$ cat data12.txt   # compact mmCIF, C-alpha atoms
# COMPACT_ATOMS: atom_id res chain seq x y z
CA MET Q 1 3.86 15.55 -5.70
CA LEU Q 2 3.36 12.14 -4.18
CA LEU Q 3 5.06 9.13 -5.73
CA GLN Q 4 3.23 5.90 -4.95
CA THR Q 5 4.90 2.49 -5.18
CA GLY Q 6 2.31 0.05 -3.91
CA GLN Q 7 -1.13 0.19 -5.51
CA ARG Q 8 -0.21 -2.40 -8.16
CA THR Q 9 2.50 -4.56 -6.58
CA ASP Q 10 4.83 -4.88 -3.58
CA ILE Q 11 8.05 -3.09 -4.48
CA PRO Q 12 9.71 -3.15 -1.03
CA ALA Q 13 9.25 -6.92 -0.73
CA PHE Q 14 10.43 -8.01 -4.17
CA TYR Q 15 11.96 -5.10 -6.07
CA SER Q 16 13.89 -3.03 -3.51
CA THR Q 17 17.18 -3.27 -5.44
CA TRP Q 18 15.47 -1.94 -8.56
CA PHE Q 19 13.80 0.84 -6.59
CA MET Q 20 17.05 2.02 -5.06
CA ASN Q 21 18.66 2.00 -8.50
CA ARG Q 22 15.86 4.32 -9.64
CA ILE Q 23 16.50 6.59 -6.64
CA ARG Q 24 20.20 6.77 -7.52
CA GLU Q 25 19.59 7.43 -11.22
CA GLY Q 26 16.90 9.98 -10.43
CA TYR Q 27 14.07 8.81 -12.67
CA VAL Q 28 11.72 5.93 -13.40
CA LEU Q 29 9.65 4.82 -16.40
CA VAL Q 30 6.15 3.38 -16.02
CA ARG Q 31 4.01 1.59 -18.60
CA ASN Q 32 0.41 2.62 -18.99
CA PRO Q 33 -1.50 -0.53 -17.91
CA TYR Q 34 -4.09 0.01 -20.68
CA TYR Q 35 -1.72 1.21 -23.43
CA PRO Q 36 1.53 -0.65 -22.73
CA SER Q 37 3.60 1.07 -25.41
CA ASN Q 38 2.97 4.44 -23.74
CA LEU Q 39 5.56 5.16 -21.07
CA ILE Q 40 5.61 7.98 -18.58
CA ARG Q 41 8.84 9.29 -17.05
CA TYR Q 42 8.90 10.53 -13.47
CA GLU Q 43 11.85 12.45 -12.11
CA ILE Q 44 12.76 11.29 -8.61
CA ASN Q 45 14.35 13.94 -6.46
CA PRO Q 46 13.34 15.72 -3.23
CA GLN Q 47 12.65 18.98 -5.07
CA VAL Q 48 9.56 17.56 -6.80
CA ILE Q 49 8.74 14.43 -4.76
CA ASP Q 50 7.13 15.62 -1.53
CA LEU Q 51 6.31 12.13 -0.29
CA LEU Q 52 7.18 8.53 -1.14
CA GLY Q 53 4.24 6.21 -0.52
CA PHE Q 54 4.81 2.52 0.18
CA CYS Q 55 2.31 -0.32 0.58
CA THR Q 56 3.81 -3.67 1.47
CA LYS Q 57 3.47 -6.94 3.33
CA ASN Q 58 7.22 -7.11 3.89
CA PRO Q 59 9.19 -3.91 4.52
CA HIS Q 60 12.31 -5.78 5.62
CA PRO Q 61 14.35 -5.56 2.36
CA MET Q 62 14.03 -1.77 2.40
CA LEU Q 63 15.20 -1.22 5.96
CA GLU Q 64 18.88 -1.29 5.01
CA HIS Q 65 18.27 1.62 2.62
CA MET Q 66 16.62 4.01 5.07
CA GLU Q 67 19.72 6.18 5.39
CA GLU Q 68 19.85 6.63 1.62
CA LEU Q 69 16.22 7.82 1.65
CA ILE Q 70 16.79 10.34 4.43
CA ASP Q 71 16.02 13.31 2.14
CA TYR Q 72 12.54 11.96 1.33
CA LYS Q 73 9.48 12.09 3.56
CA GLN Q 74 7.86 8.65 3.60
CA PHE Q 75 4.45 7.16 4.35
CA TRP Q 76 4.15 3.40 4.81
CA PHE Q 77 1.12 1.12 4.78
CA VAL Q 78 2.15 -2.29 6.09
CA THR Q 79 -0.42 -5.05 5.71
CA LEU Q 80 -0.46 -7.56 8.55
CA THR Q 81 -3.31 -10.06 8.59
CA PRO Q 82 -3.95 -13.30 10.51
CA TYR Q 83 -3.98 -15.58 7.46
CA GLY Q 84 -1.68 -18.56 7.00
CA LYS Q 85 0.22 -19.96 4.04
CA ASP Q 86 -3.01 -21.38 2.62
CA ILE Q 87 -4.07 -17.79 1.85
CA GLU Q 88 -0.77 -15.85 1.79
CA PRO Q 89 1.78 -18.44 0.58
CA ASN Q 90 4.82 -16.16 0.33
CA VAL Q 91 4.24 -13.64 3.10
CA PRO Q 92 7.06 -13.89 5.68
CA ASP Q 93 6.76 -14.67 9.38
CA LYS Q 94 4.23 -12.36 11.03
CA HIS Q 95 6.43 -11.82 14.10
CA GLN Q 96 9.17 -10.46 11.83
CA ILE Q 97 6.70 -8.09 10.17
CA ILE Q 98 5.74 -6.74 13.60
CA LYS Q 99 9.41 -6.11 14.38
CA ASP Q 100 9.87 -4.36 11.03
CA ILE Q 101 6.85 -2.11 11.65
CA GLN Q 102 8.35 -1.18 15.00
CA THR Q 103 11.69 -0.42 13.32
CA LEU Q 104 10.03 1.77 10.69
CA SER Q 105 8.10 3.65 13.34
CA LYS Q 106 11.21 4.34 15.39
CA ARG Q 107 12.88 5.70 12.26
CA LEU Q 108 10.02 7.67 10.69
CA GLY Q 109 7.54 8.29 13.52
CA SER Q 110 4.26 6.61 14.42
CA ARG Q 111 2.25 8.97 12.20
CA ASN Q 112 4.15 7.87 9.10
CA VAL Q 113 3.48 4.14 9.50
CA VAL Q 114 -0.01 2.65 9.24
CA TRP Q 115 -1.07 -0.93 9.90
CA ARG Q 116 -3.47 -2.43 7.37
CA TYR Q 117 -5.69 -5.29 8.54
CA ASP Q 118 -7.39 -6.13 5.28
CA PRO Q 119 -9.09 -7.60 3.45
CA ILE Q 120 -11.26 -9.34 6.01
CA PHE Q 121 -13.12 -12.48 5.01
CA VAL Q 122 -14.76 -15.05 7.25
CA SER Q 123 -14.55 -18.83 6.91
CA LYS Q 124 -14.69 -21.89 9.13
CA LYS Q 125 -10.95 -21.57 9.79
CA TYR Q 126 -10.83 -17.75 9.92
CA SER Q 127 -13.87 -17.20 12.08
CA ILE Q 128 -15.04 -13.98 13.71
CA GLU Q 129 -13.55 -15.12 17.00
CA TYR Q 130 -10.26 -15.90 15.28
CA HIS Q 131 -10.15 -12.42 13.73
CA LEU Q 132 -10.84 -10.60 16.98
CA HIS Q 133 -8.24 -12.61 18.86
CA ALA Q 134 -5.64 -12.04 16.14
CA PHE Q 135 -6.47 -8.36 15.83
CA GLU Q 136 -6.00 -7.78 19.56
CA THR Q 137 -2.77 -9.78 19.63
CA ILE Q 138 -1.28 -7.64 16.86
CA ALA Q 139 -2.69 -4.37 18.24
CA LYS Q 140 -1.07 -5.04 21.59
CA GLU Q 141 2.33 -5.49 19.91
CA LEU Q 142 1.94 -2.33 17.82
CA GLU Q 143 0.66 0.00 20.55
CA GLY Q 144 2.66 3.22 20.43
CA TYR Q 145 4.20 2.33 17.07
CA VAL Q 146 1.20 3.20 14.87
CA GLU Q 147 -1.59 5.71 15.36
CA SER Q 148 -4.11 4.13 12.99
CA VAL Q 149 -5.18 0.85 11.46
CA VAL Q 150 -6.93 0.55 8.10
CA VAL Q 151 -9.69 -2.03 7.77
CA SER Q 152 -11.84 -3.24 4.87
CA PHE Q 153 -13.84 -6.29 3.86
CA ILE Q 154 -13.05 -8.44 0.86
CA ASP Q 155 -14.32 -7.27 -2.53
CA LEU Q 156 -15.23 -10.04 -4.94
CA TYR Q 157 -13.58 -8.72 -8.08
CA ASN Q 158 -13.45 -11.11 -11.05
CA LYS Q 159 -9.73 -11.75 -10.47
CA VAL Q 160 -10.38 -12.53 -6.80
CA VAL Q 161 -13.18 -15.00 -7.59
CA LYS Q 162 -11.00 -16.65 -10.23
CA ASN Q 163 -8.16 -17.31 -7.79
CA PHE Q 164 -10.25 -17.79 -4.62
CA SER Q 165 -13.50 -19.38 -5.76
CA GLU Q 166 -14.65 -20.54 -2.33
CA VAL Q 167 -14.48 -17.09 -0.70
CA LYS Q 168 -17.76 -15.49 0.36
CA GLU Q 169 -18.82 -11.95 1.10
CA VAL Q 170 -18.98 -11.08 4.79
CA SER Q 171 -22.59 -10.69 5.88
CA ILE Q 172 -23.75 -7.28 7.11
CA LYS Q 173 -24.45 -8.74 10.53
CA ASP Q 174 -20.90 -10.11 10.79
CA GLN Q 175 -19.44 -6.86 9.45
CA GLU Q 176 -21.25 -4.86 12.12
CA PHE Q 177 -20.08 -7.16 14.90
CA LEU Q 178 -16.50 -7.12 13.65
CA ILE Q 179 -16.25 -3.34 13.23
CA GLU Q 180 -17.85 -2.65 16.59
CA ASN Q 181 -15.29 -4.86 18.31
CA ILE Q 182 -12.33 -3.86 16.16
CA VAL Q 183 -12.98 -0.21 17.08
CA ARG Q 184 -13.24 -1.20 20.74
CA ILE Q 185 -9.94 -3.09 20.64
CA ALA Q 186 -8.13 -0.42 18.62
CA THR Q 187 -9.25 2.27 21.05
CA LYS Q 188 -7.91 0.17 23.91
CA TYR Q 189 -4.48 0.29 22.26
CA ASN Q 190 -4.66 3.98 21.30
CA MET Q 191 -5.32 3.49 17.59
CA LYS Q 192 -7.87 5.03 15.25
CA VAL Q 193 -9.73 2.71 12.88
CA ARG Q 194 -9.90 4.03 9.32
CA MET Q 195 -12.12 2.32 6.77
CA CYS Q 196 -10.90 1.73 3.23
CA ALA Q 197 -13.51 2.41 0.52
CA GLU Q 198 -16.40 1.20 2.69
CA GLY Q 199 -18.61 4.31 2.53
CA THR Q 200 -19.71 6.19 5.64
CA LYS Q 201 -21.94 3.58 7.30
CA TRP Q 202 -19.29 2.67 9.88
CA GLU Q 203 -19.07 6.16 11.36
CA ALA Q 204 -21.88 5.16 13.73
CA PHE Q 205 -19.58 2.45 15.09
CA GLY Q 206 -16.75 4.88 15.79
CA ALA Q 207 -14.68 4.30 12.67
CA ASP Q 208 -13.17 7.12 10.60
CA CYS Q 209 -14.59 6.90 7.08
CA SER Q 210 -12.89 9.99 5.62
CA GLY Q 211 -10.19 8.03 3.78
CA CYS Q 212 -6.91 6.34 4.64
CA PHE Q 213 -4.63 8.45 2.40
CA SER Q 214 -6.55 11.71 2.16
CA LYS Q 215 -5.33 15.30 1.81
CA THR Q 216 -5.89 15.84 5.53
CA ILE Q 217 -3.72 12.86 6.42
CA VAL Q 218 -0.95 13.88 4.04
CA GLU Q 219 -0.99 17.45 5.33
CA SER Q 220 -0.59 16.16 8.88
CA LEU Q 221 2.83 14.82 7.86
CA PHE Q 222 4.09 18.29 6.89
CA ASP Q 223 4.53 21.55 8.71
CA GLY Q 224 2.64 23.33 5.93
CA ARG Q 225 -0.34 22.80 3.65
CA ILE Q 226 -0.40 21.18 0.22
CA LYS Q 227 -2.28 22.08 -2.92
CA ILE Q 228 -3.30 19.09 -4.99
CA PRO Q 229 -4.19 19.18 -8.70
CA SER Q 230 -7.86 18.29 -9.11
CA SER Q 231 -6.95 15.33 -11.31
CA LYS Q 232 -5.19 13.69 -8.38
CA THR Q 233 -8.12 13.51 -5.97
CA GLY Q 234 -10.80 10.86 -5.85
CA GLY Q 235 -10.97 7.39 -7.38
CA ARG Q 236 -13.90 5.08 -6.81
CA LYS Q 237 -16.88 6.92 -5.39
CA GLU Q 238 -16.27 5.22 -2.02
CA CYS Q 239 -12.63 6.33 -1.97
CA ALA Q 240 -11.47 9.73 -0.68
CA CYS Q 241 -7.76 9.02 -1.06
CA LEU Q 242 -5.25 10.73 -3.30
CA ILE Q 243 -4.67 9.24 -6.74
CA THR Q 244 -0.96 9.62 -7.38
CA GLY Q 245 1.70 8.48 -9.80
CA ASP Q 246 2.15 4.76 -9.22
CA ILE Q 247 5.40 3.27 -10.47
CA GLY Q 248 4.35 -0.37 -10.01
CA GLU Q 249 2.89 -2.84 -12.48
CA TYR Q 250 0.03 -5.32 -12.17
CA ASN Q 251 0.69 -9.08 -12.22
CA THR Q 252 4.08 -8.81 -10.56
CA CYS Q 253 3.51 -9.45 -6.84
CA MET Q 254 5.12 -12.71 -5.73
CA HIS Q 255 3.21 -12.92 -2.45
CA LEU Q 256 0.48 -14.63 -4.54
CA CYS Q 257 -2.20 -13.98 -1.94
CA ARG Q 258 -5.41 -15.65 -2.99
CA TYR Q 259 -7.53 -12.53 -2.37
CA CYS Q 260 -5.29 -10.26 -4.47
CA TYR Q 261 -7.00 -7.97 -7.00
CA ALA Q 262 -3.70 -6.97 -8.70
CA ASN Q 263 -2.70 -10.42 -10.00
CA TYR Q 264 -4.57 -12.29 -12.72
CA SER Q 265 -2.74 -15.61 -12.42
CA LYS Q 266 0.32 -17.19 -10.85
CA GLU Q 267 1.64 -18.10 -14.30
CA LEU Q 268 1.56 -14.49 -15.52
CA VAL Q 269 3.19 -13.25 -12.31
CA MET Q 270 6.02 -15.77 -12.67
CA GLU Q 271 6.50 -14.83 -16.32
CA ASN Q 272 6.74 -11.14 -15.47
CA TYR Q 273 9.00 -11.75 -12.48
CA HIS Q 274 11.52 -13.53 -14.69
CA ARG Q 275 11.48 -10.55 -17.07
CA HIS Q 276 12.47 -8.18 -14.27
CA ASP Q 277 15.80 -6.42 -14.77
CA PRO Q 278 16.95 -4.50 -11.66
CA ASN Q 279 19.00 -2.19 -13.89
CA SER Q 280 16.12 -1.28 -16.22
CA PRO Q 281 14.24 2.01 -15.80
CA LEU Q 282 11.07 -0.12 -16.10
CA LEU Q 283 9.92 -2.52 -13.39
CA ILE Q 284 9.34 -5.28 -15.94
CA GLY Q 285 11.33 -5.65 -19.13
CA ASN Q 286 13.15 -2.92 -21.01
CA ILE Q 287 12.35 -0.10 -23.43
CA GLN Q 288 11.17 -1.35 -26.83
CA PRO Q 289 11.59 0.37 -30.24
CA THR Q 290 7.81 0.91 -30.47
CA ASP Q 291 7.58 2.60 -27.07
CA THR Q 292 6.91 6.31 -26.70
CA ILE Q 293 7.98 8.25 -23.61
CA ARG Q 294 6.16 11.23 -22.13
CA ASN Q 295 7.50 13.33 -19.29
CA ALA Q 296 5.14 13.63 -16.32
CA GLN Q 297 4.10 17.11 -15.26
CA GLN Q 298 5.74 17.37 -11.86
CA SER Q 299 6.04 20.01 -9.19
CA SER Q 300 6.05 20.17 -5.43
CA TRP Q 301 2.57 20.38 -3.87
CA LEU Q 302 3.83 22.08 -0.73
CA ILE Q 303 2.45 25.59 -0.27
CA GLN Q 304 5.12 28.09 0.68
CA ASN Q 305 4.16 31.72 1.25
CA GLU Q 306 0.68 30.89 -0.12
CA GLN Q 307 2.22 29.80 -3.42
CA ILE Q 308 2.79 26.34 -4.83
CA SER Q 309 6.53 25.84 -4.81
CA LEU Q 310 7.69 25.02 -8.35
CA PHE Q 311 11.13 23.57 -8.79
$ encode --input "data12.txt" --output "structure tokens"
Amino acid sequence: MLLQTGQRTDIPAFYSTWFMNRIREGYVLVRNPYYPSNLIRYEINPQVIDLLGFCTKNPHPMLEHMEELIDYKQFWFVTLTPYGKDIEPNVPDKHQIIKDIQTLSKRLGSRNVVWRYDPIFVSKKYSIEYHLHAFETIAKELEGYVESVVVSFIDLYNKVVKNFSEVKEVSIKDQEFLIENIVRIATKYNMKVRMCAEGTKWEAFGADCSGCFSKTIVESLFDGRIKIPSSKTGGRKECACLITGDIGEYNTCMHLCRYCYANYSKELVMENYHRHDPNSPLLIGNIQPTDTIRNAQQSSWLIQNEQISLF
């Protein structure tokens, strides 16, 4: 199976010590975001975890642990955008992130590390011209280190509007111009542009709209094929990516990016962050007397001799 760490928060950036403690102890507990007293237990070992998925804006704290993760295949999305501290107040220096992407790629391979340039919004400061200049500057630095870049435009979820009231949707005309030129620039630096949950309309501009974490992509990381339970495929209708066990928790990412859909408020994030115990099996807090724990159904998805390997 695939164990995902980054759809709800940024574990490498802020909780790497906790994560490595979970690796060493061999299991993790996760609260159901809708029924918080219901916990699910995932075993963490290479016999059942085919792939560790990371999504981060700062991989640096995890780099010192790469040797300890040598038995696990990994897939990293690293978000690197052109925004300043007014939008991403706690994201580290962008030049350091570039170096860390290069380090990850040298360690894991260019296929296992993906650059995310999203979400895109346009403003007086972050104009179309600014985006294209920044995109090419980053692409030039990452040529040969990544094979693809994931792009999407900002979605105005309620949480986003609450924390970023002045943001506007990108007009269709501006979207078309941006994608056409982003594809052109990416091609120049030997990268494929993959769209994230944007439908298929950008195929005409040369973008790949088949998903950024699809079965095909995951299979390309292995020598064999995988068989995925039907419950693990598909999310939003625009999304073709795998839905996997996520061990993160909403309202815990200290980057505090203004466009973030996973945080409700800075106050709630700070409250949760101070409840974090790196020695707890839970990301935030500890097991309570009213909690119930259910073991996840886990098995390898790798097909061996036309059978799903069960460990």
$ atom_distance --input "data12.txt" --atom1 "atom CA of Q:Phe75" --atom2 "atom CA of Q:Ile138"
20.2 Å
$ atom_distance --input "data12.txt" --atom1 "atom CA of Q:Pro278" --atom2 "atom CA of Q:Val30"
14.1 Å
$ closest_atom_pairs --input "data12.txt" --of "stretch 35-119 of chain Q" --to "stretch 285-307 of chain Q" --cutoff "9 Å" --atoms "all atoms listed in the file" --output "Markdown table"
| residue | atom | partner | partner_atom | distance |
| --- | --- | --- | --- | --- |
| Q:Pro36 | CA | Q:Asp291 | CA | 8.1 |
| Q:Ser37 | CA | Q:Asp291 | CA | 4.6 |
| Q:Asn38 | CA | Q:Thr292 | CA | 5.3 |
| Q:Leu39 | CA | Q:Ile293 | CA | 4.7 |
| Q:Ile40 | CA | Q:Arg294 | CA | 4.8 |
| Q:Arg41 | CA | Q:Asn295 | CA | 4.8 |
| Q:Tyr42 | CA | Q:Ala296 | CA | 5.6 |
| Q:Glu43 | CA | Q:Gln298 | CA | 7.8 |
| Q:Pro46 | CA | Q:Ser300 | CA | 8.8 |
| Q:Gln47 | CA | Q:Ser300 | CA | 6.7 |
| Q:Val48 | CA | Q:Ser300 | CA | 4.6 |
| Q:Ile49 | CA | Q:Ser300 | CA | 6.4 |
| Q:Asp50 | CA | Q:Ser300 | CA | 6.1 |
$ closest_atom_pairs --input "data12.txt" --of "stretch 117-142 of chain Q" --to "stretch 149-162 of chain Q" --cutoff "10 Å" --atoms "only C-alpha atoms" --output "Markdown table"
| residue | atom | partner | partner_atom | distance |
| --- | --- | --- | --- | --- |
| Q:Tyr117 | CA | Q:Val151 | CA | 5.2 |
| Q:Asp118 | CA | Q:Val151 | CA | 5.3 |
| Q:Pro119 | CA | Q:Ile154 | CA | 4.8 |
| Q:Ile120 | CA | Q:Phe153 | CA | 4.5 |
| Q:Phe121 | CA | Q:Ile154 | CA | 5.8 |
| Q:Val122 | CA | Q:Ile154 | CA | 9.4 |
| Q:Ala139 | CA | Q:Val149 | CA | 8.9 |
$ atom_distance --input "data12.txt" --atom1 "atom CA of Q:Cys209" --atom2 "atom CA of Q:Glu136"
21.1 Å
$ closest_residue --input "data12.txt" --among "Q:Asp223, Q:Pro281, Q:Glu67, Q:Cys253" --to "Q:Pro12" --atoms "only C-alpha atoms"
Q:Cys253
$ axis_aligned_box --input "data12.txt" --around "stretch 59-76 of chain Q" --padding-each-side "8 Å" --output "JSON"
{"center_x": 12.0, "center_y": 3.8, "center_z": 3.6, "size_x": 31.7, "size_y": 35.1, "size_z": 20.6}
$ residues_around --input "data12.txt" --residues "Q:Trp202" --least-positions-apart "4" --cutoff "9 Å" --atoms "only C-alpha atoms" --output "list in words"
Glu176, Ile179, Glu180, Met195, Glu198, Gly206, Ala207, Asp208 and Cys209 of chain Q
$ residues_around --input "data12.txt" --residues "Q:Ile217" --least-positions-apart "4" --cutoff "10 Å" --atoms "only C-alpha atoms" --output "list in words"
Arg111, Asn112, Ser210, Gly211, Cys212, Phe213, Leu221, Phe222 and Cys241 of chain Q
$ residues_near_point --input "data12.txt" --point "(3.2, -9.5, -6.4)" --cutoff "12 Å" --atoms "only C-alpha atoms" --output "PyMOL selection string"
chain Q and resi 6-15+55-58+88-91+248-273+283
$ write_last_selection --input "data12.txt" --atoms "C-alpha atoms" --output "PDB file, in the frame of the given file"
ATOM      1  CA  GLY Q   6       2.310   0.050  -3.910  1.00  0.00           C
ATOM      2  CA  GLN Q   7      -1.130   0.190  -5.510  1.00  0.00           C
ATOM      3  CA  ARG Q   8      -0.210  -2.400  -8.160  1.00  0.00           C
ATOM      4  CA  THR Q   9       2.500  -4.560  -6.580  1.00  0.00           C
ATOM      5  CA  ASP Q  10       4.830  -4.880  -3.580  1.00  0.00           C
ATOM      6  CA  ILE Q  11       8.050  -3.090  -4.480  1.00  0.00           C
ATOM      7  CA  PRO Q  12       9.710  -3.150  -1.030  1.00  0.00           C
ATOM      8  CA  ALA Q  13       9.250  -6.920  -0.730  1.00  0.00           C
ATOM      9  CA  PHE Q  14      10.430  -8.010  -4.170  1.00  0.00           C
ATOM     10  CA  TYR Q  15      11.960  -5.100  -6.070  1.00  0.00           C
ATOM     11  CA  CYS Q  55       2.310  -0.320   0.580  1.00  0.00           C
ATOM     12  CA  THR Q  56       3.810  -3.670   1.470  1.00  0.00           C
ATOM     13  CA  LYS Q  57       3.470  -6.940   3.330  1.00  0.00           C
ATOM     14  CA  ASN Q  58       7.220  -7.110   3.890  1.00  0.00           C
ATOM     15  CA  GLU Q  88      -0.770 -15.850   1.790  1.00  0.00           C
ATOM     16  CA  PRO Q  89       1.780 -18.440   0.580  1.00  0.00           C
ATOM     17  CA  ASN Q  90       4.820 -16.160   0.330  1.00  0.00           C
ATOM     18  CA  VAL Q  91       4.240 -13.640   3.100  1.00  0.00           C
ATOM     19  CA  GLY Q 248       4.350  -0.370 -10.010  1.00  0.00           C
ATOM     20  CA  GLU Q 249       2.890  -2.840 -12.480  1.00  0.00           C
ATOM     21  CA  TYR Q 250       0.030  -5.320 -12.170  1.00  0.00           C
ATOM     22  CA  ASN Q 251       0.690  -9.080 -12.220  1.00  0.00           C
ATOM     23  CA  THR Q 252       4.080  -8.810 -10.560  1.00  0.00           C
ATOM     24  CA  CYS Q 253       3.510  -9.450  -6.840  1.00  0.00           C
ATOM     25  CA  MET Q 254       5.120 -12.710  -5.730  1.00  0.00           C
ATOM     26  CA  HIS Q 255       3.210 -12.920  -2.450  1.00  0.00           C
ATOM     27  CA  LEU Q 256       0.480 -14.630  -4.540  1.00  0.00           C
ATOM     28  CA  CYS Q 257      -2.200 -13.980  -1.940  1.00  0.00           C
ATOM     29  CA  ARG Q 258      -5.410 -15.650  -2.990  1.00  0.00           C
ATOM     30  CA  TYR Q 259      -7.530 -12.530  -2.370  1.00  0.00           C
ATOM     31  CA  CYS Q 260      -5.290 -10.260  -4.470  1.00  0.00           C
ATOM     32  CA  TYR Q 261      -7.000  -7.970  -7.000  1.00  0.00           C
ATOM     33  CA  ALA Q 262      -3.700  -6.970  -8.700  1.00  0.00           C
ATOM     34  CA  ASN Q 263      -2.700 -10.420 -10.000  1.00  0.00           C
ATOM     35  CA  TYR Q 264      -4.570 -12.290 -12.720  1.00  0.00           C
ATOM     36  CA  SER Q 265      -2.740 -15.610 -12.420  1.00  0.00           C
ATOM     37  CA  LYS Q 266       0.320 -17.190 -10.850  1.00  0.00           C
ATOM     38  CA  GLU Q 267       1.640 -18.100 -14.300  1.00  0.00           C
ATOM     39  CA  LEU Q 268       1.560 -14.490 -15.520  1.00  0.00           C
ATOM     40  CA  VAL Q 269       3.190 -13.250 -12.310  1.00  0.00           C
ATOM     41  CA  MET Q 270       6.020 -15.770 -12.670  1.00  0.00           C
ATOM     42  CA  GLU Q 271       6.500 -14.830 -16.320  1.00  0.00           C
ATOM     43  CA  ASN Q 272       6.740 -11.140 -15.470  1.00  0.00           C
ATOM     44  CA  TYR Q 273       9.000 -11.750 -12.480  1.00  0.00           C
ATOM     45  CA  LEU Q 283       9.920  -2.520 -13.390  1.00  0.00           C
TER      46      LEU Q 283
END
$ closest_residue --input "data12.txt" --among "Q:Asn45, Q:Asp86, Q:Arg194, Q:Asn181" --to "Q:Trp115" --atoms "all atoms listed in the file"
Q:Arg194
$ closest_residue --input "data12.txt" --among "Q:Met20, Q:Leu132, Q:Leu142, Q:Val218" --to "Q:His95" --atoms "all atoms listed in the file"
Q:Leu142
$ closest_residue --input "data12.txt" --among "Q:Asp71, Q:Glu129, Q:Thr216, Q:Val113" --to "Q:Phe177" --atoms "all atoms listed in the file"
Q:Glu129
$ closest_residue --input "data12.txt" --among "Q:Glu219, Q:Ile44, Q:Ile87, Q:Glu68" --to "Q:Phe164" --atoms "only C-alpha atoms"
Q:Ile87
